[in-house]
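The file model.txt comes next; it holds compact mmCIF, N, CA and C atoms.
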# COMPACT_ATOMS: atom_id res chain seq x y z
N MET R 1 -3.19 21.62 4.35
CA MET R 1 -3.15 20.49 3.44
C MET R 1 -1.84 20.53 2.65
N LYS R 2 -1.31 19.35 2.40
CA LYS R 2 -0.09 19.22 1.61
C LYS R 2 -0.38 18.34 0.41
N LYS R 3 0.18 18.71 -0.72
CA LYS R 3 0.00 17.97 -1.96
C LYS R 3 1.05 16.85 -2.04
N ALA R 4 0.60 15.64 -2.37
CA ALA R 4 1.50 14.51 -2.56
C ALA R 4 1.25 13.92 -3.94
N PRO R 5 2.31 13.53 -4.66
CA PRO R 5 2.10 12.95 -5.99
C PRO R 5 1.53 11.54 -5.90
N VAL R 6 0.59 11.23 -6.78
CA VAL R 6 0.12 9.85 -6.93
C VAL R 6 1.02 9.25 -8.01
N VAL R 7 2.03 8.51 -7.58
CA VAL R 7 3.07 8.07 -8.50
C VAL R 7 2.66 6.90 -9.38
N GLY R 8 1.64 6.16 -8.98
CA GLY R 8 1.21 5.06 -9.82
C GLY R 8 0.11 4.23 -9.20
N VAL R 9 -0.25 3.19 -9.91
CA VAL R 9 -1.26 2.23 -9.46
C VAL R 9 -0.53 1.06 -8.83
N VAL R 10 -1.01 0.62 -7.66
CA VAL R 10 -0.40 -0.49 -6.94
C VAL R 10 -1.45 -1.58 -6.77
N GLY R 11 -1.00 -2.83 -6.84
CA GLY R 11 -1.93 -3.95 -6.74
C GLY R 11 -2.25 -4.33 -5.31
N ALA R 12 -3.53 -4.51 -5.04
CA ALA R 12 -3.99 -5.16 -3.81
C ALA R 12 -4.63 -6.44 -4.32
N GLY R 13 -3.82 -7.40 -4.54
CA GLY R 13 -4.12 -8.62 -5.27
C GLY R 13 -2.84 -8.89 -6.03
N PRO R 14 -2.91 -9.14 -7.32
CA PRO R 14 -1.67 -9.33 -8.08
C PRO R 14 -0.85 -8.05 -8.12
N GLY R 15 0.47 -8.19 -8.13
CA GLY R 15 1.34 -7.04 -8.22
C GLY R 15 1.17 -6.32 -9.55
N GLN R 16 1.31 -5.00 -9.52
CA GLN R 16 1.24 -4.22 -10.74
C GLN R 16 1.84 -2.84 -10.49
N PHE R 17 2.13 -2.12 -11.54
CA PHE R 17 2.51 -0.72 -11.42
C PHE R 17 2.20 -0.05 -12.73
N GLU R 18 1.54 1.09 -12.63
CA GLU R 18 1.15 1.88 -13.79
C GLU R 18 1.30 3.34 -13.38
N PRO R 19 2.22 4.09 -14.00
CA PRO R 19 2.41 5.49 -13.59
C PRO R 19 1.17 6.34 -13.82
N THR R 20 1.02 7.40 -13.01
CA THR R 20 -0.08 8.35 -13.18
C THR R 20 0.47 9.77 -13.10
N LEU R 21 -0.35 10.73 -13.45
CA LEU R 21 0.02 12.15 -13.36
C LEU R 21 -0.90 12.89 -12.40
N LYS R 22 -1.42 12.19 -11.40
CA LYS R 22 -2.35 12.77 -10.45
C LYS R 22 -1.62 13.23 -9.20
N SER R 23 -2.35 13.94 -8.36
CA SER R 23 -1.85 14.28 -7.04
C SER R 23 -3.03 14.28 -6.08
N VAL R 24 -2.73 14.22 -4.79
CA VAL R 24 -3.76 14.15 -3.77
C VAL R 24 -3.33 15.08 -2.63
N TYR R 25 -4.30 15.66 -1.95
CA TYR R 25 -4.02 16.52 -0.80
C TYR R 25 -4.23 15.73 0.49
N VAL R 26 -3.26 15.81 1.38
CA VAL R 26 -3.35 15.14 2.68
C VAL R 26 -3.21 16.19 3.78
N PRO R 27 -3.80 15.94 4.95
CA PRO R 27 -3.69 16.91 6.05
C PRO R 27 -2.22 17.16 6.43
N ALA R 28 -1.92 18.38 6.79
CA ALA R 28 -0.55 18.74 7.19
C ALA R 28 -0.07 17.88 8.35
N ALA R 29 -0.96 17.51 9.25
CA ALA R 29 -0.57 16.67 10.39
C ALA R 29 -0.08 15.29 9.93
N VAL R 30 -0.60 14.80 8.84
CA VAL R 30 -0.16 13.51 8.30
C VAL R 30 1.21 13.67 7.63
N ALA R 31 1.40 14.79 6.94
CA ALA R 31 2.64 15.03 6.20
C ALA R 31 3.83 15.26 7.14
N LYS R 32 3.72 16.15 8.10
CA LYS R 32 4.75 16.43 9.10
C LYS R 32 6.18 16.32 8.58
N GLY R 33 6.48 16.86 7.43
CA GLY R 33 7.83 16.82 6.89
C GLY R 33 8.27 15.45 6.38
N ARG R 34 7.35 14.51 6.28
CA ARG R 34 7.67 13.16 5.83
C ARG R 34 7.79 13.12 4.30
N PRO R 35 8.66 12.27 3.77
CA PRO R 35 8.67 12.06 2.32
C PRO R 35 7.49 11.16 1.93
N LEU R 36 6.53 11.71 1.24
CA LEU R 36 5.30 10.99 0.92
C LEU R 36 5.20 10.67 -0.56
N ALA R 37 4.57 9.56 -0.85
CA ALA R 37 4.16 9.21 -2.21
C ALA R 37 2.79 8.56 -2.07
N ALA R 38 1.98 8.71 -3.08
CA ALA R 38 0.63 8.14 -3.04
C ALA R 38 0.46 7.17 -4.20
N TYR R 39 -0.42 6.22 -4.00
CA TYR R 39 -0.72 5.20 -5.01
C TYR R 39 -2.21 4.99 -5.09
N GLU R 40 -2.70 4.70 -6.30
CA GLU R 40 -4.09 4.30 -6.49
C GLU R 40 -4.12 2.78 -6.39
N VAL R 41 -5.07 2.25 -5.62
CA VAL R 41 -5.14 0.82 -5.37
C VAL R 41 -6.03 0.13 -6.40
N ARG R 42 -5.55 -0.98 -6.92
CA ARG R 42 -6.35 -1.83 -7.81
C ARG R 42 -6.43 -3.21 -7.18
N GLY R 43 -7.62 -3.70 -6.96
CA GLY R 43 -7.81 -5.03 -6.39
C GLY R 43 -8.47 -4.95 -5.03
N ASP R 44 -8.87 -6.11 -4.51
CA ASP R 44 -9.64 -6.14 -3.27
C ASP R 44 -9.02 -7.01 -2.18
N SER R 45 -7.77 -7.44 -2.34
CA SER R 45 -7.19 -8.35 -1.35
C SER R 45 -6.93 -7.68 -0.01
N MET R 46 -6.98 -6.35 0.05
CA MET R 46 -6.76 -5.63 1.31
C MET R 46 -8.06 -5.04 1.84
N CYS R 47 -9.18 -5.43 1.27
CA CYS R 47 -10.48 -4.90 1.67
C CYS R 47 -11.02 -5.69 2.86
N GLY R 48 -10.29 -5.60 4.00
CA GLY R 48 -10.64 -6.29 5.23
C GLY R 48 -9.83 -5.68 6.36
N GLY R 49 -10.04 -6.12 7.56
CA GLY R 49 -9.29 -5.62 8.71
C GLY R 49 -9.89 -4.35 9.29
N LYS R 50 -9.13 -3.68 10.17
CA LYS R 50 -9.61 -2.48 10.87
C LYS R 50 -9.94 -1.34 9.91
N ARG R 51 -9.10 -1.13 8.92
CA ARG R 51 -9.34 -0.08 7.93
C ARG R 51 -9.17 -0.68 6.55
N PRO R 52 -10.27 -1.16 5.96
CA PRO R 52 -10.17 -1.77 4.64
C PRO R 52 -9.59 -0.80 3.60
N ILE R 53 -8.76 -1.33 2.74
CA ILE R 53 -8.23 -0.59 1.60
C ILE R 53 -8.80 -1.28 0.37
N CYS R 54 -9.66 -0.57 -0.34
CA CYS R 54 -10.43 -1.19 -1.42
C CYS R 54 -10.04 -0.66 -2.79
N ASP R 55 -10.49 -1.34 -3.80
CA ASP R 55 -10.23 -0.97 -5.18
C ASP R 55 -10.63 0.48 -5.42
N GLY R 56 -9.73 1.28 -5.97
CA GLY R 56 -10.02 2.69 -6.25
C GLY R 56 -9.56 3.64 -5.17
N ASP R 57 -9.24 3.15 -3.97
CA ASP R 57 -8.75 4.02 -2.90
C ASP R 57 -7.38 4.58 -3.26
N ILE R 58 -7.06 5.71 -2.66
CA ILE R 58 -5.72 6.28 -2.75
C ILE R 58 -5.05 6.05 -1.40
N ILE R 59 -3.84 5.50 -1.43
CA ILE R 59 -3.07 5.32 -0.20
C ILE R 59 -1.86 6.24 -0.24
N VAL R 60 -1.55 6.84 0.90
CA VAL R 60 -0.37 7.70 1.02
C VAL R 60 0.64 6.96 1.88
N VAL R 61 1.88 6.91 1.39
CA VAL R 61 2.94 6.13 2.00
C VAL R 61 4.05 7.05 2.51
N ASN R 62 4.48 6.79 3.75
CA ASN R 62 5.66 7.46 4.31
C ASN R 62 6.87 6.63 3.90
N MET R 63 7.67 7.15 2.97
CA MET R 63 8.79 6.39 2.44
C MET R 63 9.96 6.28 3.42
N ALA R 64 9.94 7.06 4.50
CA ALA R 64 11.00 6.98 5.52
C ALA R 64 10.70 5.91 6.56
N ASP R 65 9.49 5.36 6.55
CA ASP R 65 9.07 4.35 7.53
C ASP R 65 8.79 3.06 6.77
N LYS R 66 9.60 2.04 6.98
CA LYS R 66 9.45 0.77 6.25
C LYS R 66 8.47 -0.18 6.92
N GLY R 67 7.84 0.25 8.03
CA GLY R 67 6.80 -0.53 8.69
C GLY R 67 7.35 -1.64 9.57
N CYS R 68 6.46 -2.15 10.40
CA CYS R 68 6.79 -3.30 11.25
C CYS R 68 5.61 -4.26 11.21
N SER R 69 5.76 -5.40 11.83
CA SER R 69 4.75 -6.45 11.77
C SER R 69 3.36 -5.93 12.13
N GLY R 70 2.39 -6.25 11.30
CA GLY R 70 1.02 -5.84 11.52
C GLY R 70 0.63 -4.58 10.78
N GLN R 71 1.61 -3.85 10.25
CA GLN R 71 1.30 -2.60 9.53
C GLN R 71 1.18 -2.86 8.04
N VAL R 72 0.45 -1.98 7.35
CA VAL R 72 0.25 -2.10 5.92
C VAL R 72 1.33 -1.29 5.21
N VAL R 73 1.94 -1.91 4.20
CA VAL R 73 3.04 -1.30 3.47
C VAL R 73 2.81 -1.43 1.97
N VAL R 74 3.58 -0.65 1.21
CA VAL R 74 3.70 -0.84 -0.23
C VAL R 74 5.09 -1.40 -0.46
N ALA R 75 5.16 -2.45 -1.28
CA ALA R 75 6.44 -3.10 -1.57
C ALA R 75 6.60 -3.30 -3.07
N ARG R 76 7.87 -3.22 -3.49
CA ARG R 76 8.20 -3.56 -4.88
C ARG R 76 8.68 -5.01 -4.88
N LEU R 77 8.11 -5.82 -5.75
CA LEU R 77 8.50 -7.22 -5.84
C LEU R 77 9.67 -7.38 -6.80
N VAL R 78 10.32 -8.54 -6.76
CA VAL R 78 11.49 -8.76 -7.61
C VAL R 78 11.15 -8.71 -9.09
N ASP R 79 9.89 -8.92 -9.45
CA ASP R 79 9.49 -8.83 -10.86
C ASP R 79 9.22 -7.39 -11.30
N GLY R 80 9.39 -6.41 -10.37
CA GLY R 80 9.20 -4.99 -10.70
C GLY R 80 7.80 -4.48 -10.44
N SER R 81 6.86 -5.34 -10.08
CA SER R 81 5.51 -4.89 -9.78
C SER R 81 5.44 -4.42 -8.33
N PHE R 82 4.37 -3.73 -7.98
CA PHE R 82 4.17 -3.18 -6.64
C PHE R 82 2.90 -3.76 -6.04
N VAL R 83 2.91 -3.95 -4.71
CA VAL R 83 1.73 -4.45 -4.00
C VAL R 83 1.52 -3.66 -2.72
N CYS R 84 0.29 -3.65 -2.27
CA CYS R 84 -0.09 -3.11 -0.97
C CYS R 84 -0.53 -4.31 -0.14
N LYS R 85 0.20 -4.59 0.94
CA LYS R 85 -0.08 -5.77 1.77
C LYS R 85 0.28 -5.48 3.23
N ALA R 86 -0.17 -6.35 4.12
CA ALA R 86 0.20 -6.28 5.53
C ALA R 86 1.54 -6.99 5.72
N LEU R 87 2.44 -6.35 6.45
CA LEU R 87 3.74 -6.93 6.77
C LEU R 87 3.59 -7.84 7.98
N LYS R 88 4.11 -9.02 7.90
CA LYS R 88 4.03 -9.98 9.00
C LYS R 88 5.45 -10.50 9.29
N GLU R 89 5.86 -10.38 10.56
CA GLU R 89 7.15 -10.91 11.00
C GLU R 89 6.91 -11.71 12.27
N ASP R 90 7.36 -12.97 12.26
CA ASP R 90 7.22 -13.82 13.44
C ASP R 90 8.29 -14.92 13.37
N LYS R 91 8.14 -15.96 14.17
CA LYS R 91 9.14 -17.02 14.21
C LYS R 91 9.28 -17.76 12.88
N PHE R 92 8.30 -17.60 12.00
CA PHE R 92 8.35 -18.23 10.69
C PHE R 92 9.01 -17.35 9.63
N GLY R 93 9.40 -16.12 10.01
CA GLY R 93 10.06 -15.22 9.08
C GLY R 93 9.22 -14.00 8.74
N ARG R 94 9.63 -13.33 7.68
CA ARG R 94 8.99 -12.09 7.22
C ARG R 94 8.27 -12.37 5.91
N ARG R 95 7.06 -11.83 5.80
CA ARG R 95 6.28 -12.02 4.58
C ARG R 95 5.21 -10.94 4.48
N LEU R 96 4.58 -10.86 3.31
CA LEU R 96 3.48 -9.94 3.08
C LEU R 96 2.20 -10.76 2.95
N MET R 97 1.10 -10.22 3.52
CA MET R 97 -0.16 -10.97 3.53
C MET R 97 -1.34 -10.09 3.14
N SER R 98 -2.34 -10.70 2.52
CA SER R 98 -3.60 -10.03 2.23
C SER R 98 -4.47 -10.05 3.48
N LEU R 99 -5.43 -9.10 3.55
CA LEU R 99 -6.30 -9.00 4.73
C LEU R 99 -7.77 -9.29 4.45
N ASN R 100 -8.15 -9.49 3.21
CA ASN R 100 -9.55 -9.72 2.88
C ASN R 100 -9.88 -11.20 3.09
N PRO R 101 -10.70 -11.53 4.12
CA PRO R 101 -11.01 -12.94 4.39
C PRO R 101 -11.82 -13.59 3.27
N LEU R 102 -12.57 -12.83 2.50
CA LEU R 102 -13.33 -13.40 1.39
C LEU R 102 -12.43 -13.75 0.23
N TYR R 103 -11.38 -12.96 0.05
CA TYR R 103 -10.43 -13.13 -1.05
C TYR R 103 -9.51 -14.31 -0.81
N THR R 104 -9.32 -14.67 0.45
CA THR R 104 -8.27 -15.60 0.81
C THR R 104 -8.69 -17.05 0.99
N ASN R 105 -9.96 -17.34 0.90
CA ASN R 105 -10.45 -18.71 1.15
C ASN R 105 -9.97 -19.22 2.50
N SER R 106 -10.01 -18.37 3.51
CA SER R 106 -9.67 -18.62 4.91
C SER R 106 -8.18 -18.81 5.19
N ALA R 107 -7.32 -18.70 4.20
CA ALA R 107 -5.87 -18.73 4.40
C ALA R 107 -5.28 -17.60 3.59
N PRO R 108 -4.86 -16.52 4.24
CA PRO R 108 -4.39 -15.35 3.49
C PRO R 108 -3.27 -15.66 2.52
N PRO R 109 -3.39 -15.19 1.27
CA PRO R 109 -2.29 -15.35 0.32
C PRO R 109 -1.04 -14.68 0.88
N VAL R 110 0.07 -15.36 0.70
CA VAL R 110 1.32 -14.89 1.28
C VAL R 110 2.34 -14.63 0.17
N ILE R 111 3.07 -13.52 0.31
CA ILE R 111 4.20 -13.24 -0.56
C ILE R 111 5.44 -13.41 0.31
N PRO R 112 6.28 -14.43 0.04
CA PRO R 112 7.45 -14.65 0.88
C PRO R 112 8.50 -13.56 0.70
N ALA R 113 9.34 -13.39 1.72
CA ALA R 113 10.37 -12.34 1.73
C ALA R 113 11.26 -12.40 0.50
N GLU R 114 11.57 -13.58 0.01
CA GLU R 114 12.47 -13.69 -1.14
C GLU R 114 11.87 -13.14 -2.43
N ASP R 115 10.55 -12.92 -2.45
CA ASP R 115 9.89 -12.32 -3.61
C ASP R 115 9.79 -10.80 -3.51
N VAL R 116 10.24 -10.22 -2.38
CA VAL R 116 10.17 -8.78 -2.15
C VAL R 116 11.53 -8.16 -2.39
N ASP R 117 11.58 -7.19 -3.31
CA ASP R 117 12.82 -6.47 -3.59
C ASP R 117 13.04 -5.37 -2.56
N GLU R 118 11.96 -4.60 -2.25
CA GLU R 118 12.09 -3.47 -1.31
C GLU R 118 10.73 -3.08 -0.76
N VAL R 119 10.69 -2.80 0.54
CA VAL R 119 9.49 -2.18 1.12
C VAL R 119 9.63 -0.68 0.86
N ILE R 120 8.70 -0.11 0.12
CA ILE R 120 8.74 1.31 -0.24
C ILE R 120 8.41 2.17 0.97
N GLY R 121 7.41 1.77 1.74
CA GLY R 121 7.05 2.54 2.93
C GLY R 121 5.73 2.09 3.52
N ARG R 122 5.44 2.65 4.68
CA ARG R 122 4.22 2.32 5.42
C ARG R 122 3.06 3.21 4.99
N VAL R 123 1.89 2.64 4.87
CA VAL R 123 0.68 3.39 4.53
C VAL R 123 0.28 4.21 5.75
N VAL R 124 0.17 5.54 5.56
CA VAL R 124 -0.18 6.45 6.66
C VAL R 124 -1.51 7.15 6.46
N TRP R 125 -2.11 7.01 5.29
CA TRP R 125 -3.37 7.69 5.01
C TRP R 125 -4.09 6.93 3.91
N VAL R 126 -5.39 6.77 4.06
CA VAL R 126 -6.22 6.12 3.05
C VAL R 126 -7.35 7.07 2.71
N GLN R 127 -7.51 7.32 1.42
CA GLN R 127 -8.57 8.21 0.96
C GLN R 127 -9.45 7.41 0.02
N GLY R 128 -10.74 7.32 0.31
CA GLY R 128 -11.65 6.48 -0.44
C GLY R 128 -11.99 6.98 -1.82
N ALA R 129 -11.99 6.09 -2.74
CA ALA R 129 -12.52 6.26 -4.10
C ALA R 129 -12.15 7.55 -4.79
N LEU R 130 -10.90 7.92 -4.76
CA LEU R 130 -10.35 9.03 -5.52
C LEU R 130 -10.82 10.42 -5.08
N ASN R 131 -11.43 10.54 -3.92
CA ASN R 131 -11.86 11.86 -3.45
C ASN R 131 -10.64 12.76 -3.28
N GLY R 132 -10.70 13.96 -3.80
CA GLY R 132 -9.62 14.92 -3.64
C GLY R 132 -8.48 14.77 -4.62
N VAL R 133 -8.59 13.87 -5.60
CA VAL R 133 -7.50 13.67 -6.55
C VAL R 133 -7.62 14.66 -7.70
N GLU R 134 -6.49 15.22 -8.06
CA GLU R 134 -6.42 16.14 -9.20
C GLU R 134 -5.83 15.42 -10.39
N GLU R 135 -6.34 15.67 -11.56
CA GLU R 135 -5.73 15.14 -12.80
C GLU R 135 -4.61 16.06 -13.20

Take the structure in this file and express it as structure tokens.
Amino acid sequence: MKKAPVVGVVGAGPGQFEPTLKSVYVPAAVAKGRPLAAYEVRGDSMCGGKRPICDGDIIVVNMADKGCSGQVVVARLVDGSFVCKALKEDKFGRRLMSLNPLYTNSAPPVIPAEDVDEVIGRVVWVQGALNGVEE
């Protein structure tokens, strides 16, 4: 197991960021020498898809991998807040999307590329409801 810092709270819904002093342990196979950071998720807009990411979950991000279309990433928006969303790239351009069909009223909320300052990294591990987190 490798210890990764939980650097803050990230929005799955509206963007947000709130620093924390926690850490989480992830399997060594997930870490594999990768630069990792973890975030606590607030909101339910990603609580859908193959692996739902729900309010209170801890997500671990590989900061060396900026993700590709269809993958879940953490991004910093131009207003300084952070979000956890699915990256979508197609003929219409690049954008971030929510995955919760109940949250979206059948049309996923979209964050256009011009509102994204930086993709921090791809989500590589999801840990439910703060299990394994140290204060």

Which residues come within 8 Å of Leu99 (chain R), counting only C-alpha atoms, excluding same-chain residues fewer than 2 positions away, as a list in words?
-> Ser45, Met46, Cys47, Gly48, Gly49, Lys85, Ala86, Met97, Pro101, Thr104 and Pro108 of chain R

Selected residues written out, N, CA and C atoms, as a PDB file, in the frame of the given file:
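Ended up saving to out_28.pdb:
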ATOM      1  N   SER R  45      -7.770  -7.440  -2.340  1.00  0.00           N
ATOM      2  CA  SER R  45      -7.190  -8.350  -1.350  1.00  0.00           C
ATOM      3  C   SER R  45      -6.930  -7.680  -0.010  1.00  0.00           C
ATOM      4  N   MET R  46      -6.980  -6.350   0.050  1.00  0.00           N
ATOM      5  CA  MET R  46      -6.760  -5.630   1.310  1.00  0.00           C
ATOM      6  C   MET R  46      -8.060  -5.040   1.840  1.00  0.00           C
ATOM      7  N   CYS R  47      -9.180  -5.430   1.270  1.00  0.00           N
ATOM      8  CA  CYS R  47     -10.480  -4.900   1.670  1.00  0.00           C
ATOM      9  C   CYS R  47     -11.020  -5.690   2.860  1.00  0.00           C
ATOM     10  N   GLY R  48     -10.290  -5.600   4.000  1.00  0.00           N
ATOM     11  CA  GLY R  48     -10.640  -6.290   5.230  1.00  0.00           C
ATOM     12  C   GLY R  48      -9.830  -5.680   6.360  1.00  0.00           C
ATOM     13  N   GLY R  49     -10.040  -6.120   7.560  1.00  0.00           N
ATOM     14  CA  GLY R  49      -9.290  -5.620   8.710  1.00  0.00           C
ATOM     15  C   GLY R  49      -9.890  -4.350   9.290  1.00  0.00           C
ATOM     16  N   LYS R  85       0.200  -4.590   0.940  1.00  0.00           N
ATOM     17  CA  LYS R  85      -0.080  -5.770   1.770  1.00  0.00           C
ATOM     18  C   LYS R  85       0.280  -5.480   3.230  1.00  0.00           C
ATOM     19  N   ALA R  86      -0.170  -6.350   4.120  1.00  0.00           N
ATOM     20  CA  ALA R  86       0.200  -6.280   5.530  1.00  0.00           C
ATOM     21  C   ALA R  86       1.540  -6.990   5.720  1.00  0.00           C
ATOM     22  N   MET R  97       1.100 -10.220   3.520  1.00  0.00           N
ATOM     23  CA  MET R  97      -0.160 -10.970   3.530  1.00  0.00           C
ATOM     24  C   MET R  97      -1.340 -10.090   3.140  1.00  0.00           C
ATOM     25  N   PRO R 101     -10.700 -11.530   4.120  1.00  0.00           N
ATOM     26  CA  PRO R 101     -11.010 -12.940   4.390  1.00  0.00           C
ATOM     27  C   PRO R 101     -11.820 -13.590   3.270  1.00  0.00           C
ATOM     28  N   THR R 104      -9.320 -14.670   0.450  1.00  0.00           N
ATOM     29  CA  THR R 104      -8.270 -15.600   0.810  1.00  0.00           C
ATOM     30  C   THR R 104      -8.690 -17.050   0.990  1.00  0.00           C
ATOM     31  N   PRO R 108      -4.860 -16.520   4.240  1.00  0.00           N
ATOM     32  CA  PRO R 108      -4.390 -15.350   3.490  1.00  0.00           C
ATOM     33  C   PRO R 108      -3.270 -15.660   2.520  1.00  0.00           C
TER      34      PRO R 108
END

Nearest residue to Leu77 (chain R) from the set R:Ile111, R:Met1, R:Ala38, R:Val9 (distances using only C-alpha atoms) |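 Looking at the shortest contact to Leu77 (chain R), the residue is R:Ile111.
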
Can you tell me which residues surround Val26 (chain R) at a distance of at most 12 Å, considering only C-alpha atoms, apart from same-chain residues fewer than 5 positions away, and format the answer as a JSON list (two decimals) with N, CA and C atoms, keeping the file's coordinate frame?
[["chain", "number", "residue", "atom", "x", "y", "z"],
["R", 1, "MET", "N", -3.19, 21.62, 4.35],
["R", 1, "MET", "CA", -3.15, 20.49, 3.44],
["R", 1, "MET", "C", -1.84, 20.53, 2.65],
["R", 2, "LYS", "N", -1.31, 19.35, 2.40],
["R", 2, "LYS", "CA", -0.09, 19.22, 1.61],
["R", 2, "LYS", "C", -0.38, 18.34, 0.41],
["R", 3, "LYS", "N", 0.18, 18.71, -0.72],
["R", 3, "LYS", "CA", 0.00, 17.97, -1.96],
["R", 3, "LYS", "C", 1.05, 16.85, -2.04],
["R", 4, "ALA", "N", 0.60, 15.64, -2.37],
["R", 4, "ALA", "CA", 1.50, 14.51, -2.56],
["R", 4, "ALA", "C", 1.25, 13.92, -3.94],
["R", 5, "PRO", "N", 2.31, 13.53, -4.66],
["R", 5, "PRO", "CA", 2.10, 12.95, -5.99],
["R", 5, "PRO", "C", 1.53, 11.54, -5.90],
["R", 6, "VAL", "N", 0.59, 11.23, -6.78],
["R", 6, "VAL", "CA", 0.12, 9.85, -6.93],
["R", 6, "VAL", "C", 1.02, 9.25, -8.01],
["R", 31, "ALA", "N", 1.40, 14.79, 6.94],
["R", 31, "ALA", "CA", 2.64, 15.03, 6.20],
["R", 31, "ALA", "C", 3.83, 15.26, 7.14],
["R", 32, "LYS", "N", 3.72, 16.15, 8.10],
["R", 32, "LYS", "CA", 4.75, 16.43, 9.10],
["R", 32, "LYS", "C", 6.18, 16.32, 8.58],
["R", 34, "ARG", "N", 7.35, 14.51, 6.28],
["R", 34, "ARG", "CA", 7.67, 13.16, 5.83],
["R", 34, "ARG", "C", 7.79, 13.12, 4.30],
["R", 36, "LEU", "N", 6.53, 11.71, 1.24],
["R", 36, "LEU", "CA", 5.30, 10.99, 0.92],
["R", 36, "LEU", "C", 5.20, 10.67, -0.56],
["R", 37, "ALA", "N", 4.57, 9.56, -0.85],
["R", 37, "ALA", "CA", 4.16, 9.21, -2.21],
["R", 37, "ALA", "C", 2.79, 8.56, -2.07],
["R", 38, "ALA", "N", 1.98, 8.71, -3.08],
["R", 38, "ALA", "CA", 0.63, 8.14, -3.04],
["R", 38, "ALA", "C", 0.46, 7.17, -4.20],
["R", 58, "ILE", "N", -7.06, 5.71, -2.66],
["R", 58, "ILE", "CA", -5.72, 6.28, -2.75],
["R", 58, "ILE", "C", -5.05, 6.05, -1.40],
["R", 59, "ILE", "N", -3.84, 5.50, -1.43],
["R", 59, "ILE", "CA", -3.07, 5.32, -0.20],
["R", 59, "ILE", "C", -1.86, 6.24, -0.24],
["R", 60, "VAL", "N", -1.55, 6.84, 0.90],
["R", 60, "VAL", "CA", -0.37, 7.70, 1.02],
["R", 60, "VAL", "C", 0.64, 6.96, 1.88],
["R", 61, "VAL", "N", 1.88, 6.91, 1.39],
["R", 61, "VAL", "CA", 2.94, 6.13, 2.00],
["R", 61, "VAL", "C", 4.05, 7.05, 2.51],
["R", 62, "ASN", "N", 4.48, 6.79, 3.75],
["R", 62, "ASN", "CA", 5.66, 7.46, 4.31],
["R", 62, "ASN", "C", 6.87, 6.63, 3.90],
["R", 124, "VAL", "N", 0.17, 5.54, 5.56],
["R", 124, "VAL", "CA", -0.18, 6.45, 6.66],
["R", 124, "VAL", "C", -1.51, 7.15, 6.46],
["R", 125, "TRP", "N", -2.11, 7.01, 5.29],
["R", 125, "TRP", "CA", -3.37, 7.69, 5.01],
["R", 125, "TRP", "C", -4.09, 6.93, 3.91],
["R", 126, "VAL", "N", -5.39, 6.77, 4.06],
["R", 126, "VAL", "CA", -6.22, 6.12, 3.05],
["R", 126, "VAL", "C", -7.35, 7.07, 2.71],
["R", 127, "GLN", "N", -7.51, 7.32, 1.42],
["R", 127, "GLN", "CA", -8.57, 8.21, 0.96],
["R", 127, "GLN", "C", -9.45, 7.41, 0.02],
["R", 131, "ASN", "N", -11.43, 10.54, -3.92],
["R", 131, "ASN", "CA", -11.86, 11.86, -3.45],
["R", 131, "ASN", "C", -10.64, 12.76, -3.28],
["R", 132, "GLY", "N", -10.70, 13.96, -3.80],
["R", 132, "GLY", "CA", -9.62, 14.92, -3.64],
["R", 132, "GLY", "C", -8.48, 14.77, -4.62],
["R", 133, "VAL", "N", -8.59, 13.87, -5.60],
["R", 133, "VAL", "CA", -7.50, 13.67, -6.55],
["R", 133, "VAL", "C", -7.62, 14.66, -7.70]]

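Residue neighbourhood of Val116 (chain R), excluding near-sequence residues (fewer than 2 positions): Arg76, Leu77, Val78, Pro112, Ala113, Glu114 and Glu118 of chain R, at 6 Å, using all atoms listed in the file.
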
Would you work out the distance separating atom N of Phe82 (chain R) from CA of Val30 (chain R), expressed in Å to one decimal?
->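 Answer for the atom N of Phe82 (chain R) to CA of Val30 (chain R) separation: 24.1 Å.
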
Could you tell me, as an NGL selection string, which residues of chain R DSSP assigns to strand (DSSP E) when given the backbone?
-> :R and (2-11 or 17-26 or 36-42 or 58-62 or 72-77 or 82-90 or 93-97 or 110-112 or 116-127 or 133-134)

So how many Å separate atom C of Cys54 (chain R) and CA of Pro27 (chain R), to one decimal?
-> 20.7 Å

Report the residues of chain R whose backbone DSSP state falls under helix (DSSP H, G or I), written as a PyMOL selection string.
-> chain R and resi 28-31+113-115+128-130

Please save N, CA and C atoms of the selected residues as a compact mmCIF listing (two decimals), in the frame of the given file.
# COMPACT_ATOMS: atom_id res chain seq x y z
N ALA R 28 -1.92 18.38 6.79
CA ALA R 28 -0.55 18.74 7.19
C ALA R 28 -0.07 17.88 8.35
N ALA R 29 -0.96 17.51 9.25
CA ALA R 29 -0.57 16.67 10.39
C ALA R 29 -0.08 15.29 9.93
N VAL R 30 -0.60 14.80 8.84
CA VAL R 30 -0.16 13.51 8.30
C VAL R 30 1.21 13.67 7.63
N ALA R 31 1.40 14.79 6.94
CA ALA R 31 2.64 15.03 6.20
C ALA R 31 3.83 15.26 7.14
N ALA R 113 9.34 -13.39 1.72
CA ALA R 113 10.37 -12.34 1.73
C ALA R 113 11.26 -12.40 0.50
N GLU R 114 11.57 -13.58 0.01
CA GLU R 114 12.47 -13.69 -1.14
C GLU R 114 11.87 -13.14 -2.43
N ASP R 115 10.55 -12.92 -2.45
CA ASP R 115 9.89 -12.32 -3.61
C ASP R 115 9.79 -10.80 -3.51
N GLY R 128 -10.74 7.32 0.31
CA GLY R 128 -11.65 6.48 -0.44
C GLY R 128 -11.99 6.98 -1.82
N ALA R 129 -11.99 6.09 -2.74
CA ALA R 129 -12.52 6.26 -4.10
C ALA R 129 -12.15 7.55 -4.79
N LEU R 130 -10.90 7.92 -4.76
CA LEU R 130 -10.35 9.03 -5.52
C LEU R 130 -10.82 10.42 -5.08

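Proximity of R:Gly70, R:Val83, R:Lys50, R:Asp44 to Glu18 (chain R), computed with only C-alpha atoms, is greatest for R:Val83.
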
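The closest residue to Asp115 (chain R), picked from R:Phe92, R:Leu102, R:Asp79, R:Gly56 and counting only N, CA and C atoms, is R:Asp79.
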